[in-house]
Amino acid sequence: SSRSRTSANTLEEKRKRDKEKLDNARRKMTESWIITVPLMIWMFLEMLAGVPLTSQWMMEAVMTVGAAWVIFRPGWDTIYSALTSSKNLTPNMDVLIALGTLASLTTGLVSLSGELGLIATNFFSFSGIAAMIMAFHLTGRYIETKARGRASEAITKLLTLEAKTARRIRNGMEEEVAVED
């Protein structure tokens, strides 16, 4: 009976950890989209209008700062994982996401530097795309975390279906006894 109490406590702790992981993934995904959607709308409106809606400098600054926020705040775990796996020479998918987002962000920084007159360039910025890449990635992470949680819960439920009693034949007679006995 103490075994079942310990098992129940362990299962409850696991459920709590899974819920925290899901809540964290949802928070990161939501934060990234709250910043990315306005950037996407702005880019879309500028494409439709065919002319800048604000000064080029203002657009570059907002896009670059927004993208940097998405990459380094909700997306930090991805960047950190990419750095760690690269350092250990075991690259994973996070390296690809980091390369794409950081390359896109760099175009924004270079373009912004040109707008400020720091360097001579007429460089087009893709910094808004960096936010989109990370937001889509974090959405995938959320979906993955949710699916893993459901699978884990199903396995946990299967494990709790263990038999409480067993049938034993003793002296030609069948009897029901507790599994512990």
# chains A, B, ... in the order shown; residues from 1 in each chain; ligands from 1
>>> select_by_dssp(residues="chain A", states="alpha helix (DSSP H)", output="PyMOL selection string")
chain A and resi 2-49+56-72+76-87+93-115+127-159
>>> closest_atom_pairs(of="region 10-68 of chain A", to="region 129-150 of chain A", cutoff="7 Å", atoms="only C-alpha atoms", output="JSON lines")
{"residue": "A:Asp18", "atom": "CA", "partner": "A:Gly149", "partner_atom": "CA", "distance": 6.0}
{"residue": "A:Leu22", "atom": "CA", "partner": "A:Thr145", "partner_atom": "CA", "distance": 5.9}
{"residue": "A:Ala25", "atom": "CA", "partner": "A:Tyr142", "partner_atom": "CA", "distance": 5.0}
{"residue": "A:Arg26", "atom": "CA", "partner": "A:Tyr142", "partner_atom": "CA", "distance": 5.9}
{"residue": "A:Lys28", "atom": "CA", "partner": "A:Leu138", "partner_atom": "CA", "distance": 6.9}
{"residue": "A:Met29", "atom": "CA", "partner": "A:Leu138", "partner_atom": "CA", "distance": 5.2}
{"residue": "A:Ser32", "atom": "CA", "partner": "A:Ala135", "partner_atom": "CA", "distance": 5.2}
{"residue": "A:Trp33", "atom": "CA", "partner": "A:Ala135", "partner_atom": "CA", "distance": 5.9}
{"residue": "A:Thr36", "atom": "CA", "partner": "A:Ala131", "partner_atom": "CA", "distance": 5.8}
{"residue": "A:Ala67", "atom": "CA", "partner": "A:Ala131", "partner_atom": "CA", "distance": 4.5}
>>> write_last_selection(atoms="C-alpha atoms", output="PDB file, in the first residue's frame")
ATOM      1  CA  ASP A  18       4.307  18.065 -17.641  1.00  0.00           C
ATOM      2  CA  LEU A  22       3.192  22.865 -21.414  1.00  0.00           C
ATOM      3  CA  ALA A  25       5.827  26.372 -24.039  1.00  0.00           C
ATOM      4  CA  ARG A  26       2.430  28.088 -24.401  1.00  0.00           C
ATOM      5  CA  LYS A  28       6.770  31.413 -25.102  1.00  0.00           C
ATOM      6  CA  MET A  29       4.644  30.753 -28.173  1.00  0.00           C
ATOM      7  CA  SER A  32       6.439  35.416 -29.748  1.00  0.00           C
ATOM      8  CA  TRP A  33       3.195  35.773 -31.713  1.00  0.00           C
ATOM      9  CA  THR A  36       5.383  38.859 -34.549  1.00  0.00           C
ATOM     10  CA  ALA A  67      12.821  40.320 -33.973  1.00  0.00           C
TER      11      ALA A  67
END
>>> atom_distance(atom1="CA of Ser111 (chain A)", atom2="CA of Pro74 (chain A)")
24.2 Å
>>> residues_around(residues="Gln56 (chain A)", least_positions_apart="2", cutoff="12 Å", atoms="only C-alpha atoms", output="list in words")
Met43, Glu46, Val51, Pro52, Leu53, Thr54, Met58, Met59, Glu60, Ala61, Val62, Met63, Thr64, Gly108, Ser111, Leu112, Ser113, Gly114, Glu115, Leu116, Asn122, Phe123, Phe124 and Ser125 of chain A
>>> closest_residue(among="A:Trp76, A:Gly128, A:Ala151, A:Arg170", to="Trp42 (chain A)", atoms="only C-alpha atoms")
A:Gly128
>>> closest_residue(among="A:Thr84, A:Thr107, A:Asn92, A:Ser127", to="Ala68 (chain A)", atoms="only C-alpha atoms")
A:Ser127
>>> closest_residue(among="A:Thr30, A:Thr101, A:Asn9, A:Thr106", to="Phe72 (chain A)", atoms="only C-alpha atoms")
A:Thr101
>>> residues_around(residues="Glu175 (chain A)", least_positions_apart="6", cutoff="12 Å", atoms="only C-alpha atoms", output="list in words")
Thr165, Ala166, Arg167, Arg168 and Ile169 of chain A
>>> select_by_dssp(residues="chain A", states="strand (DSSP E or B)", output="number ranges by chain")
A: 165-170, 173-178
>>> closest_residue(among="A:Asn88, A:Thr156, A:Arg73, A:Val179", to="Glu12 (chain A)", atoms="only C-alpha atoms")
A:Thr156
>>> closest_residue(among="A:Ile34, A:Ile41, A:Ile97, A:Val177", to="Trp69 (chain A)", atoms="only C-alpha atoms")
A:Ile34
>>> residues_around(residues="Met93 (chain A)", least_positions_apart="4", cutoff="10 Å", atoms="only C-alpha atoms", output="mmCIF file with N, CA and C atoms, in the first residue's frame")
data_model
loop_
_atom_site.group_PDB
_atom_site.id
_atom_site.type_symbol
_atom_site.label_atom_id
_atom_site.label_comp_id
_atom_site.auth_asym_id
_atom_site.auth_seq_id
_atom_site.Cartn_x
_atom_site.Cartn_y
_atom_site.Cartn_z
ATOM 1 N N THR A 78 16.153 27.991 -27.483
ATOM 2 C CA THR A 78 16.557 27.460 -28.796
ATOM 3 C C THR A 78 17.962 27.931 -29.147
ATOM 4 N N SER A 81 20.449 26.165 -26.848
ATOM 5 C CA SER A 81 20.610 24.769 -27.267
ATOM 6 C C SER A 81 21.482 24.676 -28.514
ATOM 7 N N ALA A 82 21.292 25.616 -29.445
ATOM 8 C CA ALA A 82 22.105 25.619 -30.667
ATOM 9 C C ALA A 82 23.571 25.869 -30.343
ATOM 10 N N SER A 85 24.948 22.666 -28.503
ATOM 11 C CA SER A 85 25.144 21.504 -29.376
ATOM 12 C C SER A 85 26.256 21.763 -30.395
ATOM 13 N N ILE A 97 17.527 26.536 -36.823
ATOM 14 C CA ILE A 97 16.639 27.641 -36.458
ATOM 15 C C ILE A 97 17.475 28.865 -36.075
ATOM 16 N N ALA A 98 18.513 28.642 -35.278
ATOM 17 C CA ALA A 98 19.373 29.755 -34.847
ATOM 18 C C ALA A 98 20.060 30.407 -36.047
#
